[in-house]
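Novice: Below: one structure in structure tokens.
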Amino acid sequence: MRWRQGAAVTFALAAGAAALALAWAGSGRLPRQLHIEELVAELSPTPDMPVSLGKLHPGHELRADAGMREAIITPSPSSLHYRVHVPPHAALRFGVGVQGDGRRDTETADVRFRVTADGREIFSRAVNPTARRRDRSWFDERVDLGAFANREVEIVLEASSSDPGRRPCGAAGWSHVRVVRDTWRERQAASPAAPNVLVLLVDTLRADGLGVYGATPSASPTLDRLAQEGLVFENAIAQAPWTMPSVASLLTGVPVRSHGVTGDPGALDDGHAAYLPDRLRTLAEHAAAAGISTVGISANPLVSRATNYAQGFETFQELELEVRGDGRAREKNWATAGEVNEAFLRWLRPNRRYRFLAYLHYMEPHHPYTPPARYRPPPPAGIRPRVAGGHLDQWLHELLSAQGMPLPEPEVRYLRRLYDAEIRSWDDALGVLLDRLDELGLRKSTVVVVTADHGEEFQEHGRLMHGAHLYEETLHVPLVIAGPGITAGRVRELAQGIDLFPTVSALLHLSRPPDLPGQNLLGAREPRAVVSETLNGRLRDGTGTPLVSLRTPTWKLIHAPALGRSELYDLEHDPAERADRFATTPEAAALLQQLVALEAEAPPSPPATEGDGDLRAKLRALGYVE
């Protein structure tokens with residue numbers, strides 16, 4: 001089969017996230033110049049091509065190199081033809097994979113992937129997941145196009161059977177095929193006058209779980225000491241009550257409705273709302289363009305290449321979730337904070353002379369609550385064994401239902417103690433990380449930013465975990481900034497997730513992109529309200545509906561636009577948000593009008609281009625969907 005397409009040429013800055021292999025090859029030393037890739041052309045099928053643009057799943061759904069991706073699924077034999085103008089320093093980037101039936105079969109035929117440019121073979125690989133277990137993965141490839149510079153070239157992607165007389169080994173696909181152009185920047189050197197920035201994001205960490213925010217006894221002595229040296233933002237508010245939309249706002253500096261990464265379960269099957277759009281510029285891209293080395297380490301499967309959250313990071317490592325059990329009572333183990341830190345330190349030791357922006361994503365306080373034995377409190381008599389173990393998976397259907405699943409108070413108290421023990425475990429690892437930075441001589445040239453994507457509920461408003469409500473227990477997060485040039489103190493004004501991008505830009509001495517709505521929290525701060533939202537919300541009576549909130553210094557308005565229902569809380573006199581004042585407070589109408597105006601001002605999100613096909617499985621592992 002043979003089809004042709006003329007490829008349109010577009011340009012968008014995208015740092016080479018897949019340079020991981022280069023960055024960690026050999027000694028692990030980065031080259032003197034920082035490598036950046038600019039997107040020249042995406043090679044994707046058009047509606048007139050009789051190929052399928054769908055999902056392909058070569059291996060285990062939670063493995064970073066094997067999970068489902070959107071792919072051009074091709075019959076065998078087939079060839080796809082593109083005409084592309086190749087600029088200097090260009091390369092072809094793509095992934096190839098074959099989805100088998102999961103069983104071993106040595107009698108099947110390999111799929112041979114082949115790429116030619118003007119008839120000259122530039123790539124070939126045989127893949128057979130039924131015959132070779134190592135082939136149950138994606139193979140991400142980079143082919144140099146330097147020999148074809150300054151020419152219009154016909155690039156042909158071919159897939160064929162190694163033996164048409166034998167059974168095929170599975171469905172073949174090409175993923176994220178694009179032509180890129182290499183550019184380079186001289187790497188900046190770090191110094192106290194030009195510091196590094198280390199962003200530590202602790203998933204599911206509510207502010208009131210920390211001593212620096214008033215918790216007694218404190219589960220965070222190391223962070224408390226660090227906070228005494230730096231700036232503590234007492235009222236930092238997340239843009240959403242769960243990871244995908246909140247982290248997207250942190251990395252892009254735009255509100256949820258402007259990046260569009262809502263993770264809406266109703267849109268997962270067609271890939272929408274589950275992928276950070278390439279057209280959005282990330283904080284990592286902004287830093288890399290200035291010659292600052294960028295590295296990300298993530299223990300959360302939602303923050304990965306598959307969701308494009310690695311966009312702009314020169315080096316990005318995903319630490320995989322370990323799953324054991326029979327599928328009905330599976331034990332999940334997130335990578336520990338110590339493992340996240342060690343992955344970062346392996347990158348840092350040979351590269352410490354270069355200035356860096358690092359993003360480390362931890363999972364300690366996230367369900368399941370399984371702290372180390374030395375911090376695990378003894379369970380009280382009478383609580384169920386699974387609750388005593390910190391696991392709520394088997395009740396996920398009930399927890400996500402309209403009614404929720406209220407637990408007895410002794411069980412809730414014990415789960416909170418396990419959660420606090422998880423915080424203490426992360427805090428220990430923070431102490432080790434700071435010591436290692438001292439040993440490497442980097443503490444005096446590194447600003448440390450500690451924050452969270454959202455908090456956690458322990459039935460303050462009738463539910464457990466997070467994602468469905470917009471109350472303070474899920475939106476009030478820590479924000480601590482400490483390091484060279486940071487004056488110690490506490491800030492009462494509201495801060496929010498979209499402020500991270502302009503604030504870190506200022507710390508890196510970079511100009512702020514003009515279209516960002518957030519503020520540099522280290523400069524002049526103007527009073528403003530914070531908008532947060534979730535598509536997967538529930539009102540206090542259990543009604544499921546999208547929710548949006550407006551947070552001012554003294555008021556919290558929670559609004560359900562589809563139902564025209566609202567709640568209003570006086571945070572100054574009712575910080576626990578118990579008494580709904582919407583029907584009795586004169587300010588209610590003005591606050592609602594302000595919320596509607598702020599929503600209308602937000603720019604629309606760019607169109608979705610891809611999706612993480614395994615998002616549903618990852619959300620299930622994290623407790624967001626059944």
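How things are named: the first chain in the structure tokens is A, the next is B, and so on; residues count from 1 in each chain; ligands count from 1 in the order shown.
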Can you tell me which residues surround Glu342 of chain A at a distance of at most 12 Å, considering only C-alpha atoms, apart from same-chain residues fewer than 6 positions away, and format the answer as number ranges by chain?

Specialist: A: 297, 317, 319, 335-336, 348-349, 360, 429-430, 432-433, 436-437

Novice: Quick one: write out the picked residues with all heavy atoms as an mmCIF file, in the first residue's frame?

Specialist:
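Saved file again_2.cif follows:
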```cif
data_model
loop_
_atom_site.group_PDB
_atom_site.id
_atom_site.type_symbol
_atom_site.label_atom_id
_atom_site.label_comp_id
_atom_site.auth_asym_id
_atom_site.auth_seq_id
_atom_site.Cartn_x
_atom_site.Cartn_y
_atom_site.Cartn_z
ATOM 1 N N ILE A 297 12.990 14.527 37.503
ATOM 2 C CA ILE A 297 12.875 13.159 38.011
ATOM 3 C C ILE A 297 11.474 13.028 38.580
ATOM 4 O O ILE A 297 11.083 13.797 39.461
ATOM 5 C CB ILE A 297 13.906 12.842 39.126
ATOM 6 C CG1 ILE A 297 15.313 13.306 38.735
ATOM 7 C CG2 ILE A 297 13.872 11.354 39.458
ATOM 8 C CD1 ILE A 297 15.947 12.551 37.607
ATOM 9 N N GLN A 317 13.806 11.555 33.855
ATOM 10 C CA GLN A 317 13.742 10.155 34.250
ATOM 11 C C GLN A 317 12.451 9.883 34.993
ATOM 12 O O GLN A 317 12.093 10.599 35.924
ATOM 13 C CB GLN A 317 14.928 9.763 35.137
ATOM 14 C CG GLN A 317 14.941 8.269 35.462
ATOM 15 C CD GLN A 317 16.140 7.843 36.279
ATOM 16 O OE1 GLN A 317 16.987 8.666 36.645
ATOM 17 N NE2 GLN A 317 16.228 6.567 36.575
ATOM 18 N N LEU A 319 10.597 7.247 37.358
ATOM 19 C CA LEU A 319 10.813 6.109 38.248
ATOM 20 C C LEU A 319 9.506 5.337 38.337
ATOM 21 O O LEU A 319 8.483 5.880 38.755
ATOM 22 C CB LEU A 319 11.264 6.592 39.630
ATOM 23 C CG LEU A 319 12.537 7.447 39.619
ATOM 24 C CD1 LEU A 319 12.939 7.804 41.039
ATOM 25 C CD2 LEU A 319 13.679 6.726 38.923
ATOM 26 N N ALA A 335 8.193 4.913 43.929
ATOM 27 C CA ALA A 335 9.609 5.139 44.183
ATOM 28 C C ALA A 335 9.741 6.089 45.379
ATOM 29 O O ALA A 335 8.970 7.034 45.535
ATOM 30 C CB ALA A 335 10.269 5.743 42.952
ATOM 31 N N THR A 336 10.685 5.820 46.245
ATOM 32 C CA THR A 336 10.839 6.607 47.465
ATOM 33 C C THR A 336 11.540 7.927 47.184
ATOM 34 O O THR A 336 12.182 8.117 46.149
ATOM 35 C CB THR A 336 11.661 5.838 48.502
ATOM 36 O OG1 THR A 336 13.002 5.694 48.008
ATOM 37 C CG2 THR A 336 11.063 4.464 48.763
ATOM 38 N N LEU A 348 23.719 14.973 38.890
ATOM 39 C CA LEU A 348 24.342 16.215 39.355
ATOM 40 C C LEU A 348 25.846 16.079 39.573
ATOM 41 O O LEU A 348 26.609 16.996 39.239
ATOM 42 C CB LEU A 348 23.663 16.658 40.654
ATOM 43 C CG LEU A 348 24.148 17.974 41.270
ATOM 44 C CD1 LEU A 348 23.930 19.131 40.307
ATOM 45 C CD2 LEU A 348 23.434 18.223 42.605
ATOM 46 N N ARG A 349 26.298 14.954 40.116
ATOM 47 C CA ARG A 349 27.714 14.842 40.513
ATOM 48 C C ARG A 349 28.665 15.155 39.359
ATOM 49 O O ARG A 349 29.607 15.939 39.546
ATOM 50 C CB ARG A 349 27.975 13.459 41.101
ATOM 51 C CG ARG A 349 27.324 13.256 42.469
ATOM 52 C CD ARG A 349 27.688 11.910 43.078
ATOM 53 N NE ARG A 349 26.979 11.679 44.332
ATOM 54 C CZ ARG A 349 25.937 10.864 44.469
ATOM 55 N NH1 ARG A 349 25.494 10.168 43.421
ATOM 56 N NH2 ARG A 349 25.342 10.727 45.636
ATOM 57 N N LEU A 360 11.990 17.830 40.908
ATOM 58 C CA LEU A 360 11.896 16.497 41.519
ATOM 59 C C LEU A 360 10.474 16.316 42.043
ATOM 60 O O LEU A 360 9.986 17.128 42.834
ATOM 61 C CB LEU A 360 12.903 16.340 42.661
ATOM 62 C CG LEU A 360 14.365 16.705 42.368
ATOM 63 C CD1 LEU A 360 15.250 16.330 43.542
ATOM 64 C CD2 LEU A 360 14.865 16.077 41.086
ATOM 65 N N ALA A 429 14.496 12.370 53.902
ATOM 66 C CA ALA A 429 15.209 12.364 52.626
ATOM 67 C C ALA A 429 15.626 13.771 52.220
ATOM 68 O O ALA A 429 16.682 13.968 51.605
ATOM 69 C CB ALA A 429 14.337 11.729 51.545
ATOM 70 N N LEU A 430 14.798 14.771 52.564
ATOM 71 C CA LEU A 430 15.174 16.157 52.293
ATOM 72 C C LEU A 430 16.470 16.497 53.021
ATOM 73 O O LEU A 430 17.364 17.147 52.451
ATOM 74 C CB LEU A 430 14.058 17.103 52.724
ATOM 75 C CG LEU A 430 14.385 18.596 52.676
ATOM 76 C CD1 LEU A 430 14.668 19.040 51.246
ATOM 77 C CD2 LEU A 430 13.250 19.424 53.287
ATOM 78 N N VAL A 432 18.896 14.527 53.860
ATOM 79 C CA VAL A 432 20.024 13.870 53.173
ATOM 80 C C VAL A 432 20.370 14.637 51.897
ATOM 81 O O VAL A 432 21.549 14.863 51.583
ATOM 82 C CB VAL A 432 19.681 12.404 52.854
ATOM 83 C CG1 VAL A 432 20.789 11.764 52.011
ATOM 84 C CG2 VAL A 432 19.466 11.611 54.147
ATOM 85 N N LEU A 433 19.346 15.050 51.150
ATOM 86 C CA LEU A 433 19.596 15.786 49.906
ATOM 87 C C LEU A 433 20.333 17.091 50.184
ATOM 88 O O LEU A 433 21.302 17.436 49.480
ATOM 89 C CB LEU A 433 18.266 16.059 49.203
ATOM 90 C CG LEU A 433 18.335 16.898 47.924
ATOM 91 C CD1 LEU A 433 19.169 16.208 46.860
ATOM 92 C CD2 LEU A 433 16.933 17.197 47.408
ATOM 93 N N ARG A 436 23.913 16.415 50.870
ATOM 94 C CA ARG A 436 24.675 16.082 49.657
ATOM 95 C C ARG A 436 24.992 17.350 48.862
ATOM 96 O O ARG A 436 26.074 17.473 48.280
ATOM 97 C CB ARG A 436 23.902 15.099 48.789
ATOM 98 C CG ARG A 436 23.661 13.751 49.441
ATOM 99 C CD ARG A 436 24.952 12.975 49.691
ATOM 100 N NE ARG A 436 24.692 11.748 50.429
ATOM 101 C CZ ARG A 436 24.708 11.639 51.752
ATOM 102 N NH1 ARG A 436 25.006 12.702 52.498
ATOM 103 N NH2 ARG A 436 24.457 10.498 52.347
ATOM 104 N N LEU A 437 24.046 18.271 48.813
ATOM 105 C CA LEU A 437 24.327 19.546 48.137
ATOM 106 C C LEU A 437 25.461 20.291 48.834
ATOM 107 O O LEU A 437 26.318 20.902 48.176
ATOM 108 C CB LEU A 437 23.065 20.409 48.101
ATOM 109 C CG LEU A 437 21.927 19.941 47.196
ATOM 110 C CD1 LEU A 437 20.718 20.859 47.359
ATOM 111 C CD2 LEU A 437 22.353 19.897 45.737
#
```

Novice: Determine, using only C-alpha atoms, which residues of segment 85-122 of chain A have any atom at most 6 Å from an atom of segment 171-184 of chain A, and tabulate each with its shortest atom pair and distance in Å to one decimal place, rows ordered by chain and then rising number, as a tab-separated table.

Specialist:
```
residue	atom	partner	partner_atom	distance
A:His89	CA	A:Asp182	CA	5.3
A:Ala90	CA	A:Arg181	CA	4.2
A:Ala91	CA	A:Val180	CA	5.4
A:Leu92	CA	A:Val179	CA	4.6
A:Arg93	CA	A:Arg178	CA	5.4
A:Phe94	CA	A:Val177	CA	4.3
A:Gly95	CA	A:Ser175	CA	4.8
A:Val96	CA	A:Trp174	CA	4.8
A:Gly97	CA	A:Gly173	CA	5.6
A:Val98	CA	A:Ala172	CA	4.5
A:Gln99	CA	A:Ala171	CA	5.2
```

Novice: How many Å separate atom CA of Pro377 of chain A from atom CA of Ala215 of chain A?

Specialist: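 Going from atom CA of Pro377 of chain A over to atom CA of Ala215 of chain A, I get 17.5 Å.
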
Novice: Could you pull the residues within 7 Å of Tyr419 of chain A, counting only C-alpha atoms, minus those fewer than 4 positions along the same chain, as a ChimeraX atom specification?

Specialist: /A:365,369,415,423

Novice: Do you have the atom CA of Thr585 of chain A-atom CA of Ala468 of chain A distance handy?

Specialist: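 Atom-to-atom, atom CA of Thr585 of chain A to atom CA of Ala468 of chain A, that is 25.3 Å.
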
Novice: Counting only C-alpha atoms, which residue out of A:Ala421, A:Ala343, A:Asp541, A:Asp110 sits closest to Pro378 of chain A?

Specialist: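 Among the listed residues, A:Ala421 lies closest to Pro378 of chain A.
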
Novice: Tell me which of A:Arg374, A:His35, A:Arg305, A:Arg578 sits closest to Arg187 of chain A, counting only C-alpha atoms.

Specialist: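 The answer is A:His35, which sits nearest to Arg187 of chain A.
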
Novice: Using only C-alpha atoms, which residue out of A:His286, A:His60, A:Arg132, A:Arg185 lies closest to Pro502 of chain A?

Specialist: A:His286

Novice: For Glu411 of chain A, work out the shell of residues within 9 Å, counting only C-alpha atoms and skipping chain neighbours fewer than 5 positions away, then give it as a PyMOL selection string.

Specialist: chain A and resi 379-380+383-384+387-388+416

Novice: Output the selection as a PDB file, in the first residue's frame - C-alpha atoms for each residue.

Specialist:
```
ATOM      1  CA  PRO A 379      -2.781   0.462  64.686  1.00  0.00           C
ATOM      2  CA  PRO A 380      -5.524   0.762  67.291  1.00  0.00           C
ATOM      3  CA  ILE A 383      -9.637  -1.343  62.632  1.00  0.00           C
ATOM      4  CA  ARG A 384      -9.692  -3.362  59.437  1.00  0.00           C
ATOM      5  CA  VAL A 387      -6.928   0.223  56.580  1.00  0.00           C
ATOM      6  CA  ALA A 388      -4.207  -0.617  59.095  1.00  0.00           C
ATOM      7  CA  ARG A 416      -3.939  10.621  59.061  1.00  0.00           C
TER       8      ARG A 416
END
```

Novice: What's around segment 458-463 of chain A at 8 Å? Count only C-alpha atoms, leave out sequence neighbours fewer than 4 positions away in its own chain, and write the answer as a VMD selection string.

Specialist: chain A and resid 399 404 to 406 412 416 473 540

Novice: Please run DSSP on the backbone and report, as number ranges by chain, all residues within segment 320-529 of chain A that come out as alpha helix (DSSP H).

Specialist: A: 337-348, 385-388, 396-400, 409-439, 472-475, 500-507

Novice: Could you give me, as a compact mmCIF listing (two decimals) with all heavy atoms, in the first residue's frame, the residues within 10 Å of Ser505 of chain A, counting only C-alpha atoms and dropping anything in the same chain fewer than 3 positions from it?

Specialist:
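That gives us around.txt:
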```
# COMPACT_ATOMS: atom_id res chain seq x y z
N VAL A 197 18.27 26.52 40.48
CA VAL A 197 16.97 26.44 41.15
C VAL A 197 16.56 24.97 41.20
O VAL A 197 16.55 24.27 40.17
CB VAL A 197 15.89 27.26 40.43
CG1 VAL A 197 14.53 27.06 41.11
CG2 VAL A 197 16.25 28.74 40.43
N LEU A 283 8.35 25.96 31.56
CA LEU A 283 9.42 26.58 32.33
C LEU A 283 10.77 25.98 31.94
O LEU A 283 11.78 26.68 31.82
CB LEU A 283 9.16 26.39 33.82
CG LEU A 283 10.22 26.88 34.80
CD1 LEU A 283 10.48 28.37 34.63
CD2 LEU A 283 9.79 26.58 36.24
N ALA A 284 10.81 24.66 31.73
CA ALA A 284 12.07 24.00 31.34
C ALA A 284 12.56 24.52 29.99
O ALA A 284 13.76 24.74 29.80
CB ALA A 284 11.88 22.49 31.32
N HIS A 286 11.96 27.42 28.69
CA HIS A 286 12.37 28.81 28.89
C HIS A 286 13.79 28.85 29.46
O HIS A 286 14.62 29.67 29.02
CB HIS A 286 11.38 29.47 29.85
CG HIS A 286 11.54 30.95 30.00
ND1 HIS A 286 11.58 31.81 28.92
CD2 HIS A 286 11.68 31.72 31.11
CE1 HIS A 286 11.73 33.05 29.35
NE2 HIS A 286 11.79 33.03 30.67
N ALA A 287 14.10 27.96 30.40
CA ALA A 287 15.44 27.93 30.99
C ALA A 287 16.47 27.40 30.00
O ALA A 287 17.58 27.93 29.88
CB ALA A 287 15.42 27.07 32.26
N LEU A 500 4.63 30.13 39.88
CA LEU A 500 5.93 29.45 39.92
C LEU A 500 6.78 29.83 38.72
O LEU A 500 7.99 30.10 38.86
CB LEU A 500 5.73 27.93 39.97
CG LEU A 500 7.03 27.13 40.09
CD1 LEU A 500 7.60 27.26 41.49
CD2 LEU A 500 6.82 25.67 39.74
N PHE A 501 6.20 29.84 37.52
CA PHE A 501 6.96 30.13 36.30
C PHE A 501 7.62 31.51 36.38
O PHE A 501 8.86 31.62 36.24
CB PHE A 501 6.03 30.00 35.09
CG PHE A 501 6.70 29.93 33.75
CD1 PHE A 501 6.24 29.05 32.78
CD2 PHE A 501 7.78 30.74 33.42
CE1 PHE A 501 6.84 28.97 31.53
CE2 PHE A 501 8.39 30.68 32.18
CZ PHE A 501 7.91 29.79 31.23
N PRO A 502 6.88 32.60 36.60
CA PRO A 502 7.55 33.91 36.65
C PRO A 502 8.51 34.05 37.83
O PRO A 502 9.52 34.76 37.72
CB PRO A 502 6.40 34.91 36.73
CG PRO A 502 5.20 34.13 37.15
CD PRO A 502 5.40 32.74 36.65
N LEU A 508 16.27 32.75 38.07
CA LEU A 508 17.27 32.39 37.07
C LEU A 508 17.75 33.61 36.27
O LEU A 508 18.53 33.47 35.33
CB LEU A 508 16.69 31.35 36.11
CG LEU A 508 16.37 29.99 36.73
CD1 LEU A 508 15.62 29.11 35.74
CD2 LEU A 508 17.63 29.29 37.21
N HIS A 509 17.24 34.79 36.64
CA HIS A 509 17.61 36.05 35.96
C HIS A 509 17.18 36.02 34.49
O HIS A 509 17.89 36.56 33.62
CB HIS A 509 19.11 36.33 36.07
CG HIS A 509 19.60 36.39 37.47
ND1 HIS A 509 20.94 36.29 37.80
CD2 HIS A 509 18.95 36.51 38.67
CE1 HIS A 509 21.08 36.37 39.11
NE2 HIS A 509 19.88 36.50 39.66
N LEU A 510 16.03 35.43 34.22
CA LEU A 510 15.49 35.37 32.87
C LEU A 510 14.33 36.36 32.75
O LEU A 510 13.62 36.62 33.72
CB LEU A 510 14.98 33.96 32.55
CG LEU A 510 15.99 32.82 32.70
CD1 LEU A 510 15.32 31.49 32.38
CD2 LEU A 510 17.20 33.05 31.80
N SER A 511 14.14 36.87 31.56
CA SER A 511 13.00 37.75 31.34
C SER A 511 11.72 36.94 31.44
O SER A 511 11.67 35.77 31.06
CB SER A 511 13.09 38.42 29.96
OG SER A 511 13.09 37.43 28.95
N ARG A 512 10.69 37.57 31.92
CA ARG A 512 9.40 36.90 32.07
C ARG A 512 8.64 36.94 30.75
O ARG A 512 8.51 38.01 30.14
CB ARG A 512 8.60 37.61 33.16
CG ARG A 512 7.14 37.27 33.17
CD ARG A 512 6.39 38.20 34.09
NE ARG A 512 4.96 38.08 33.89
CZ ARG A 512 4.07 38.26 34.85
NH1 ARG A 512 4.48 38.56 36.06
NH2 ARG A 512 2.80 38.14 34.59
N PRO A 513 8.15 35.80 30.26
CA PRO A 513 7.31 35.83 29.07
C PRO A 513 6.14 36.78 29.28
O PRO A 513 5.48 36.75 30.32
CB PRO A 513 6.84 34.38 28.92
CG PRO A 513 7.92 33.58 29.59
CD PRO A 513 8.38 34.42 30.73
N ASN A 520 5.69 37.39 39.75
CA ASN A 520 6.95 37.08 40.41
C ASN A 520 6.76 37.35 41.90
O ASN A 520 6.65 38.50 42.33
CB ASN A 520 8.08 37.94 39.83
CG ASN A 520 9.35 37.83 40.65
OD1 ASN A 520 9.53 36.90 41.43
ND2 ASN A 520 10.25 38.79 40.46
```

Novice: Compare A:Gly431, A:Pro255, A:Gly389, A:Pro88 by their minimum atom-to-atom distance to Ala240 of chain A, counting only C-alpha atoms, and give me the closest one.

Specialist: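 For Ala240 of chain A, the nearest of the given residues is A:Pro255.
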
Novice: Between atom CA of Asn235 of chain A and atom CA of Ala358 of chain A, what distance in Å does the model show, to one decimal?

Specialist: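 Going from atom CA of Asn235 of chain A over to atom CA of Ala358 of chain A, I get 24.1 Å.
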
Novice: Find, counting only C-alpha atoms, the residue in A:Ala238, A:Ala288, A:Ala597, A:Ala488 that gets nearest to Gln188 of chain A.

Specialist: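 For Gln188 of chain A, the nearest of the candidates is A:Ala288.
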
Novice: Measuring between only C-alpha atoms, which one of A:Arg103, A:His367, A:His391, A:Arg352 shows the shortest distance to Glu456 of chain A?

Specialist: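 Counting only C-alpha atoms, the residue closest to Glu456 of chain A is A:His367.
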
Novice: Select from segment 375-503 of chain A everything DSSP, run on the backbone, classes as strand (DSSP E), then give the selection as a tab-separated table (two decimals) with N, CA and C atoms, in the first residue's frame.

Specialist:
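Listed below is the output, result_23.tsv:
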```tsv
chain	number	residue	atom	x	y	z
A	446	THR	N	22.43	27.43	45.22
A	446	THR	CA	21.19	26.77	44.82
A	446	THR	C	20.02	27.29	45.65
A	447	VAL	N	19.00	27.79	44.96
A	447	VAL	CA	17.75	28.17	45.61
A	447	VAL	C	16.83	26.95	45.60
A	448	VAL	N	16.30	26.60	46.75
A	448	VAL	CA	15.41	25.44	46.89
A	448	VAL	C	13.98	25.95	47.02
A	449	VAL	N	13.09	25.42	46.17
A	449	VAL	CA	11.67	25.76	46.21
A	449	VAL	C	10.91	24.50	46.57
A	450	VAL	N	10.15	24.52	47.65
A	450	VAL	CA	9.36	23.36	48.08
A	450	VAL	C	7.89	23.71	47.96
A	451	THR	N	7.14	22.87	47.26
A	451	THR	CA	5.71	23.11	47.11
A	451	THR	C	5.00	21.78	46.90
A	457	GLU	N	-7.75	14.91	51.62
A	457	GLU	CA	-8.92	15.00	52.50
A	457	GLU	C	-8.95	13.83	53.48
A	458	PHE	N	-9.33	14.11	54.69
A	458	PHE	CA	-9.56	13.07	55.69
A	458	PHE	C	-10.94	13.29	56.33
A	464	LEU	N	-12.67	11.11	51.38
A	464	LEU	CA	-11.26	10.80	51.55
A	464	LEU	C	-10.51	11.08	50.26
A	465	MET	N	-9.19	11.14	50.37
A	465	MET	CA	-8.27	11.37	49.25
A	465	MET	C	-8.49	12.76	48.63
A	476	HIS	N	-4.95	24.29	49.76
A	476	HIS	CA	-3.94	25.05	50.49
A	476	HIS	C	-2.67	24.20	50.57
A	477	VAL	N	-1.62	24.65	49.88
A	477	VAL	CA	-0.38	23.87	49.78
A	477	VAL	C	0.79	24.69	50.32
A	479	LEU	N	4.47	26.52	50.23
A	479	LEU	CA	5.41	27.14	49.30
A	479	LEU	C	6.51	27.80	50.12
A	480	VAL	N	7.70	27.23	50.03
A	480	VAL	CA	8.87	27.73	50.76
A	480	VAL	C	9.98	27.94	49.75
A	481	ILE	N	10.63	29.11	49.81
A	481	ILE	CA	11.75	29.42	48.92
A	481	ILE	C	12.93	29.83	49.79
A	482	ALA	N	14.06	29.11	49.66
A	482	ALA	CA	15.22	29.39	50.50
A	482	ALA	C	16.49	29.24	49.67
A	489	GLY	N	11.50	35.40	55.88
A	489	GLY	CA	10.28	36.08	56.28
A	489	GLY	C	9.06	35.27	55.93
A	490	ARG	N	7.90	35.82	56.21
A	490	ARG	CA	6.64	35.16	55.92
A	490	ARG	C	5.74	36.13	55.14
A	491	VAL	N	5.03	35.59	54.17
A	491	VAL	CA	4.19	36.40	53.28
A	491	VAL	C	2.74	35.95	53.45
A	492	ARG	N	1.85	36.90	53.72
A	492	ARG	CA	0.44	36.56	53.93
A	492	ARG	C	-0.38	36.68	52.64
A	493	GLU	N	0.09	37.47	51.67
A	493	GLU	CA	-0.67	37.63	50.43
A	493	GLU	C	-0.83	36.29	49.72
A	494	LEU	N	-1.91	36.17	48.95
A	494	LEU	CA	-2.17	34.94	48.22
A	494	LEU	C	-1.10	34.69	47.16
A	495	ALA	N	-0.67	33.43	47.08
A	495	ALA	CA	0.19	32.96	46.00
A	495	ALA	C	-0.55	31.80	45.33
A	496	GLN	N	-0.16	31.47	44.09
A	496	GLN	CA	-0.85	30.39	43.39
A	496	GLN	C	0.10	29.67	42.45
```

Novice: When you look at Asp101 of chain A with a cut-off of 10 Å (counting only C-alpha atoms), what residues show up, excluding the ones that are within fewer than 4 positions of it in the same chain? I need them as a list of chain:residue names.

Specialist: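 Residues near the query, excluding close chain neighbours: A:His57, A:Pro58, A:Gly59, A:Asp105, A:Pro129, A:Thr130, A:Cys169, A:Gly170, A:Ala171.
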